[in-house]
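The data block below is query23.txt; it holds compact mmCIF, C-alpha atoms.
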# COMPACT_ATOMS: atom_id res chain seq x y z
CA MET U 1 0.00 0.00 0.00
CA ARG U 2 2.87 2.34 0.82
CA VAL U 3 4.40 1.78 -2.62
CA ILE U 4 1.05 2.39 -4.32
CA LYS U 5 0.58 5.59 -2.30
CA GLN U 6 4.05 6.87 -3.27
CA LEU U 7 3.40 6.09 -6.93
CA SER U 8 0.10 7.94 -6.76
CA ILE U 9 1.81 11.03 -5.31
CA LEU U 10 4.50 10.85 -7.98
CA VAL U 11 1.90 10.63 -10.75
CA LEU U 12 0.03 13.58 -9.26
CA VAL U 13 3.21 15.69 -9.07
CA LEU U 14 4.14 14.85 -12.65
CA SER U 15 0.64 15.65 -13.83
CA VAL U 16 0.69 19.05 -12.14
CA ALA U 17 4.14 19.81 -13.58
CA SER U 18 3.04 18.69 -17.02
CA CYS U 19 -0.03 20.88 -16.89
CA ALA U 20 2.05 23.85 -15.80
CA MET U 21 4.52 23.22 -18.62
CA PHE U 22 1.82 23.10 -21.28
CA ARG U 23 0.09 26.11 -19.73
CA ASN U 24 3.31 28.14 -19.92
CA LYS U 25 3.89 26.94 -23.47
CA ALA U 26 0.42 28.05 -24.43
CA ASP U 27 0.89 31.48 -22.86
CA ILE U 28 2.92 32.74 -25.80
CA ASN U 29 -0.09 32.08 -28.04
CA THR U 30 -2.63 33.70 -25.74
CA MET U 31 -0.82 36.57 -24.04
CA PRO U 32 -2.06 40.10 -24.82
CA VAL U 33 0.37 42.10 -26.90
CA GLU U 34 1.76 44.18 -24.01
CA GLN U 35 2.51 41.11 -21.91
CA LEU U 36 3.99 39.20 -24.82
CA PHE U 37 6.29 42.11 -25.68
CA GLN U 38 7.41 42.37 -22.06
CA ASN U 39 8.03 38.62 -22.00
CA ALA U 40 10.24 38.90 -25.07
CA HIS U 41 12.03 42.01 -23.81
CA THR U 42 12.77 40.40 -20.44
CA SER U 43 14.27 37.36 -22.16
CA LEU U 44 16.40 39.70 -24.27
CA GLU U 45 17.69 41.57 -21.22
CA LYS U 46 18.54 38.27 -19.51
CA GLY U 47 20.54 37.14 -22.53
CA ASP U 48 18.15 34.31 -23.37
CA TYR U 49 18.22 35.18 -27.06
CA ALA U 50 16.52 32.01 -28.28
CA ALA U 51 13.50 32.63 -26.05
CA ALA U 52 13.44 36.29 -27.01
CA GLU U 53 13.51 35.47 -30.72
CA LYS U 54 10.65 32.99 -30.33
CA ALA U 55 8.49 35.48 -28.43
CA TYR U 56 9.21 38.37 -30.81
CA GLU U 57 8.44 36.20 -33.83
CA ARG U 58 5.17 35.09 -32.25
CA LEU U 59 4.20 38.69 -31.47
CA ILE U 60 4.95 39.82 -35.02
CA ALA U 61 2.85 36.96 -36.39
CA ARG U 62 -0.09 37.50 -34.04
CA PHE U 63 -0.10 41.30 -34.14
CA PRO U 64 0.92 42.34 -37.68
CA SER U 65 0.69 46.08 -37.03
CA GLY U 66 1.12 48.64 -34.29
CA LYS U 67 3.94 50.03 -32.19
CA TYR U 68 4.70 46.71 -30.49
CA ASN U 69 5.09 45.00 -33.83
CA GLU U 70 7.49 47.69 -35.07
CA GLN U 71 9.61 47.68 -31.92
CA SER U 72 9.64 43.89 -31.89
CA GLN U 73 11.17 43.81 -35.36
CA VAL U 74 14.08 45.97 -34.22
CA GLU U 75 14.62 43.98 -31.03
CA LEU U 76 14.28 40.69 -32.91
CA ALA U 77 17.10 41.78 -35.21
CA TYR U 78 19.23 42.64 -32.17
CA ALA U 79 18.47 39.26 -30.54
CA GLN U 80 19.46 37.46 -33.75
CA TYR U 81 22.63 39.56 -33.96
CA LYS U 82 23.58 38.64 -30.39
CA ASP U 83 22.67 35.01 -31.05
CA ASN U 84 25.28 34.92 -33.85
CA LYS U 85 22.70 34.72 -36.64
CA PRO U 86 23.95 37.57 -38.86
CA ASP U 87 22.04 36.54 -41.98
CA ASP U 88 18.72 36.44 -40.10
CA ALA U 89 19.52 39.68 -38.27
CA TYR U 90 20.48 41.49 -41.47
CA SER U 91 17.33 40.31 -43.23
CA THR U 92 15.12 41.40 -40.31
CA ILE U 93 16.61 44.88 -39.91
CA ASN U 94 16.79 45.47 -43.66
CA ARG U 95 13.10 44.65 -43.96
CA PHE U 96 12.36 47.05 -41.11
CA ILE U 97 14.29 49.89 -42.79
CA LYS U 98 12.44 49.39 -46.06
CA THR U 99 9.02 49.11 -44.36
CA PHE U 100 9.38 51.97 -41.85
CA PRO U 101 11.80 54.52 -43.37
CA THR U 102 10.47 57.33 -41.14
CA HIS U 103 10.35 55.42 -37.86
CA LYS U 104 11.56 57.36 -34.82
CA HIS U 105 14.32 54.78 -34.24
CA ILE U 106 15.35 54.44 -37.88
CA ASP U 107 18.81 55.84 -37.07
CA TYR U 108 19.38 52.95 -34.68
CA ALA U 109 18.23 50.53 -37.39
CA TYR U 110 20.96 51.82 -39.73
CA TYR U 111 23.47 51.62 -36.90
CA LEU U 112 22.48 48.03 -36.08
CA ARG U 113 22.72 47.05 -39.74
CA GLY U 114 26.26 48.43 -39.74
CA LEU U 115 27.12 46.51 -36.57
CA ILE U 116 25.87 43.26 -38.06
CA ASN U 117 28.17 43.61 -41.07
CA PHE U 118 31.00 45.02 -38.94
CA ASN U 119 30.86 41.92 -36.75
CA ARG U 120 31.03 39.70 -39.83
CA THR U 121 34.46 41.11 -40.73
CA THR U 122 35.88 38.92 -37.95
CA GLY U 123 35.83 35.15 -38.33
CA ILE U 124 35.55 32.57 -35.56
CA VAL U 125 39.24 31.64 -35.64
CA GLU U 126 40.38 35.27 -35.63
CA ARG U 127 38.38 35.95 -32.45
CA PHE U 128 40.88 33.73 -30.62
CA VAL U 129 44.03 34.16 -32.72
CA GLU U 130 45.42 37.57 -33.62
CA GLN U 131 45.49 37.91 -37.39
CA ASP U 132 45.48 40.74 -39.90
CA GLN U 133 41.82 41.28 -40.75
CA SER U 134 42.75 43.15 -43.91
CA ARG U 135 43.61 39.78 -45.48
CA ARG U 136 40.01 38.62 -45.26
CA ASP U 137 37.35 39.15 -47.91
CA GLN U 138 36.41 42.83 -47.98
CA GLY U 139 32.73 42.46 -48.91
CA TYR U 140 31.31 42.81 -45.42
CA ARG U 141 33.80 45.56 -44.59
CA LEU U 142 32.55 47.56 -47.57
CA GLN U 143 28.92 46.92 -46.65
CA ALA U 144 29.49 47.97 -43.04
CA PHE U 145 31.25 51.15 -44.17
CA ASP U 146 28.30 51.96 -46.44
CA ASP U 147 25.79 51.29 -43.64
CA PHE U 148 27.60 53.61 -41.22
CA SER U 149 28.06 56.17 -43.98
CA GLN U 150 24.31 56.26 -44.61
CA LEU U 151 23.69 56.75 -40.91
CA THR U 152 26.12 59.67 -40.56
CA ARG U 153 24.90 61.26 -43.77
CA ARG U 154 21.16 60.94 -43.09
CA PHE U 155 21.28 61.50 -39.33
CA PRO U 156 24.42 63.51 -38.49
CA GLY U 157 22.98 64.46 -35.10
CA SER U 158 22.15 60.90 -34.06
CA LYS U 159 23.62 59.66 -30.79
CA TYR U 160 25.00 56.71 -32.76
CA ALA U 161 26.77 58.89 -35.35
CA ALA U 162 29.99 59.46 -33.37
CA ASP U 163 30.58 55.75 -32.84
CA ALA U 164 29.70 55.08 -36.47
CA ARG U 165 32.33 57.59 -37.62
CA GLN U 166 35.00 55.92 -35.50
CA ARG U 167 34.09 52.55 -36.95
CA MET U 168 34.25 54.04 -40.44
CA ILE U 169 37.84 55.18 -39.77
CA PHE U 170 38.74 51.67 -38.64
CA LEU U 171 37.07 50.16 -41.71
CA ARG U 172 38.69 52.69 -44.04
CA ASN U 173 42.14 51.85 -42.70
CA GLY U 174 41.43 48.15 -43.11
CA LEU U 175 40.33 48.62 -46.69
CA ALA U 176 43.47 50.64 -47.38
CA GLN U 177 45.65 47.96 -45.78
CA PHE U 178 44.02 45.33 -47.97
CA GLU U 179 45.06 47.28 -51.06
CA ILE U 180 48.58 47.66 -49.65
CA ASN U 181 48.80 43.90 -49.09
CA VAL U 182 47.85 43.31 -52.73
CA ALA U 183 50.26 45.98 -53.96
CA THR U 184 53.06 44.43 -51.88
CA PHE U 185 52.33 41.03 -53.42
CA TYR U 186 52.63 42.47 -56.92
CA LEU U 187 55.77 44.37 -55.97
CA LYS U 188 57.39 41.23 -54.61
CA HIS U 189 56.78 39.44 -57.91
CA LYS U 190 58.05 42.45 -59.87
CA MET U 191 54.65 43.14 -61.39
CA TYR U 192 55.36 46.85 -61.22
CA VAL U 193 52.45 48.13 -63.29
CA ALA U 194 49.98 46.27 -61.07
CA SER U 195 51.67 47.35 -57.82
CA ALA U 196 51.75 50.97 -58.99
CA HIS U 197 48.08 50.80 -59.90
CA ARG U 198 47.11 49.48 -56.46
CA ALA U 199 49.29 52.04 -54.68
CA GLN U 200 47.80 54.86 -56.73
CA TYR U 201 44.30 53.64 -55.81
CA VAL U 202 45.12 53.96 -52.10
CA ILE U 203 46.51 57.46 -52.58
CA GLU U 204 43.40 58.57 -54.46
CA HIS U 205 40.74 56.91 -52.28
CA TYR U 206 42.28 56.67 -48.80
CA GLN U 207 44.32 59.87 -48.48
CA ARG U 208 43.66 60.17 -44.74
CA ALA U 209 44.57 56.58 -43.94
CA PRO U 210 48.01 55.89 -42.40
CA GLU U 211 48.55 53.40 -45.23
CA ALA U 212 48.82 56.29 -47.69
CA GLY U 213 52.48 56.56 -46.73
CA ASP U 214 53.06 52.91 -47.59
CA ALA U 215 51.29 53.49 -50.90
CA LEU U 216 53.66 56.33 -51.80
CA ALA U 217 56.68 54.17 -50.95
CA ILE U 218 55.39 51.27 -53.04
CA LEU U 219 54.61 53.69 -55.85
CA ALA U 220 58.20 54.97 -55.76
CA ARG U 221 59.62 51.44 -55.84
CA SER U 222 57.26 50.46 -58.65
CA TYR U 223 58.31 53.44 -60.75
CA LYS U 224 61.97 52.59 -60.05
CA GLY U 225 61.31 49.06 -61.25
CA LEU U 226 59.72 50.43 -64.42
CA GLY U 227 62.67 52.75 -65.04
CA ARG U 228 60.50 55.84 -64.48
CA ASP U 229 62.99 57.59 -62.19
CA LYS U 230 61.41 61.05 -62.47
CA LEU U 231 58.02 59.76 -61.33
CA ALA U 232 59.73 57.77 -58.58
CA ASP U 233 61.49 60.92 -57.32
CA GLN U 234 58.19 62.80 -57.32
CA ALA U 235 56.59 60.07 -55.20
CA VAL U 236 59.51 60.23 -52.77
CA GLN U 237 59.19 64.01 -52.44
CA VAL U 238 55.48 63.71 -51.60
CA LEU U 239 56.35 60.96 -49.11
CA LYS U 240 58.95 63.19 -47.40
CA LEU U 241 56.48 66.05 -47.18
CA ASN U 242 53.61 64.04 -45.70
CA PHE U 243 55.33 61.11 -43.94
CA PRO U 244 58.84 62.29 -43.04
CA ASN U 245 59.44 59.34 -40.68
CA HIS U 246 58.44 56.60 -43.11
CA PRO U 247 60.96 53.71 -43.08
CA TYR U 248 61.34 53.77 -46.88
CA LEU U 249 63.16 57.10 -46.64
CA LYS U 250 65.95 55.38 -44.67
CA ASP U 251 65.72 51.99 -46.33
CA PRO U 252 64.97 52.02 -50.09
CA ASN U 253 64.46 48.24 -49.98
CA TRP U 254 61.35 48.62 -47.83
CA PRO U 255 59.10 46.63 -47.65
CA HIS U 256 61.07 43.48 -46.88
CA PHE U 257 59.44 40.24 -47.92
CA ALA U 258 59.08 37.25 -45.62
CA SER U 259 61.17 34.18 -46.29
CA VAL U 260 59.64 30.95 -47.54
CA TRP U 261 60.09 29.31 -44.12
CA ARG U 262 58.43 32.20 -42.31
CA ARG U 263 55.46 32.08 -44.68
CA MET U 264 54.90 28.46 -43.68
CA VAL U 265 54.21 29.50 -40.07
CA PRO U 266 50.41 29.84 -39.59
CA PHE U 267 48.72 32.92 -38.09
CA VAL U 268 51.75 35.14 -38.65
CA ASN U 269 51.62 38.57 -40.24
CA HIS U 270 54.15 38.11 -43.03
CA HIS U 271 54.47 41.71 -44.22

Reformat the file's structure so that it appears as structure tokens.
Amino acid sequence: MRVIKQLSILVLVLSVASCAMFRNKADINTMPVEQLFQNAHTSLEKGDYAAAEKAYERLIARFPSGKYNEQSQVELAYAQYKDNKPDDAYSTINRFIKTFPTHKHIDYAYYLRGLINFNRTTGIVERFVEQDQSRRDQGYRLQAFDDFSQLTRRFPGSKYAADARQRMIFLRNGLAQFEINVATFYLKHKMYVASAHRAQYVIEHYQRAPEAGDALAILARSYKGLGRDKLADQAVQVLKLNFPNHPYLKDPNWPHFASVWRRMVPFVNHH
């Protein structure tokens, strides 16, 4: 009898727990919009991004219009961004921008879109191992720069504009360094026309980047290699005027190329 009684209590406890579980599961489908939004927002603040995404998605589906729907789309994109789902996050925030171009938080939407692409410029391995990001594909870097540029141009007084400008400087320098890496590769292989072309591109498009000095030095070496001494001297004079401490002015063999053995070492900056 004692065993039967204990089993009966256990069954009762499990039944109550099961009912509670299904009741909580059903809440997301029956909650009023204010409560459902608060449920999602609380999950977001606690860092439970999966739960937040589920609640926001349910709210958007159940209540296809209104202020809670609009705010949920923005916060859903942020939850997806934090949950390392950049494609979903970008799609969500891009749809919001196109649907609500005059929304009061549209500046934040542009900023978040930039952050999503900015975050994609860093791969999983590089988060743990220091590596030159300028060697990675530049597509997301260009997209992020454009996103932040749109924000600063459309909403120069936005509270997110200052941070966006700083990120644009970082991205600009990275884009310039990418071009320098390519120019250096061409220079190493004595492809002087190609190296000069890349160096000239940096000078024309990234004048304010620190890499502009490297571009002038590579341009001078490229012209030397082509036998265009007058043009090489002109590049050197501009380099002296704008970057008087550049190493090329003391060492005309700059940049030095890594040896074959050094290039075989992984995760090393070879230039």

Problem set entry | Computed interatomic separation between CA of Lys82 in chain U and CA of Ile116 in chain U (Å) |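 These two atoms are separated by 9.2 Å.
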
For this session: Please indicate the distance in Å from CA of Gln207 in chain U to CA of Lys159 in chain U, rounded to one decimal place.
Result: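 One can read the CA of Gln207 in chain U to CA of Lys159 in chain U distance as 27.2 Å.
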
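Note that CA of Leu249 in chain U and CA of Val236 in chain U are 7.8 Å apart.
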
Problem set entry | Residue contacts of range 49-57 of chain U (12 Å, all atoms listed in the file) excluding same-chain residues fewer than 3 positions away, as JSON, numbers by chain | {"U": [25, 26, 27, 28, 29, 30, 31, 33, 34, 35, 36, 37, 38, 39, 40, 41, 42, 43, 44, 45, 46, 60, 61, 62, 63, 64, 68, 69, 70, 71, 72, 73, 74, 75, 76, 77, 78, 79, 80, 81, 82, 83, 84, 85, 88, 89, 92]}

For this session: Pick out the residues sitting within 10 Å of Val182 in chain U, and hand them over as a PyMOL selection string; count only C-alpha atoms, and ignore anything fewer than 3 positions along from it in its own chain.
Result: chain U and resi 135+177-179+185-188+194-195+198-199

Put a box with edges along x, y and z around all the listed atoms of range 38-50 of chain U, pad it by 5 Å on each side, then give me its centre and sizes in Å, one decimal, as lines of an AutoDock Vina configuration file.
center_x = 14.0
center_y = 37.2
center_z = -23.9
size_x = 23.1
size_y = 20.4
size_z = 18.8

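Shortest atom-to-atom contact with Tyr206 in chain U among U:Gly66, U:Pro247, U:Gly174, U:Pro156: U:Gly174, counting all atoms listed in the file.
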
For this session: Have a look at U:Arg113, U:Asn253, U:His105, U:Ala161 and name the one nearest to Pro86 in chain U; count only C-alpha atoms.
Result: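 Among the listed residues, the smallest separation from Pro86 in chain U belongs to U:Arg113.
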
Seminar exercise, completed: With distances taken over all atoms listed in the file, the candidate from U:Ile203, U:Asp146, U:Ile106, U:Phe118 nearest Ser158 in chain U is U:Ile106

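Comparing U:Ala212, U:Gly157, U:Val193, U:Gly139 by their smallest distance to Asn173 in chain U, the closest is U:Ala212 (using all atoms listed in the file).
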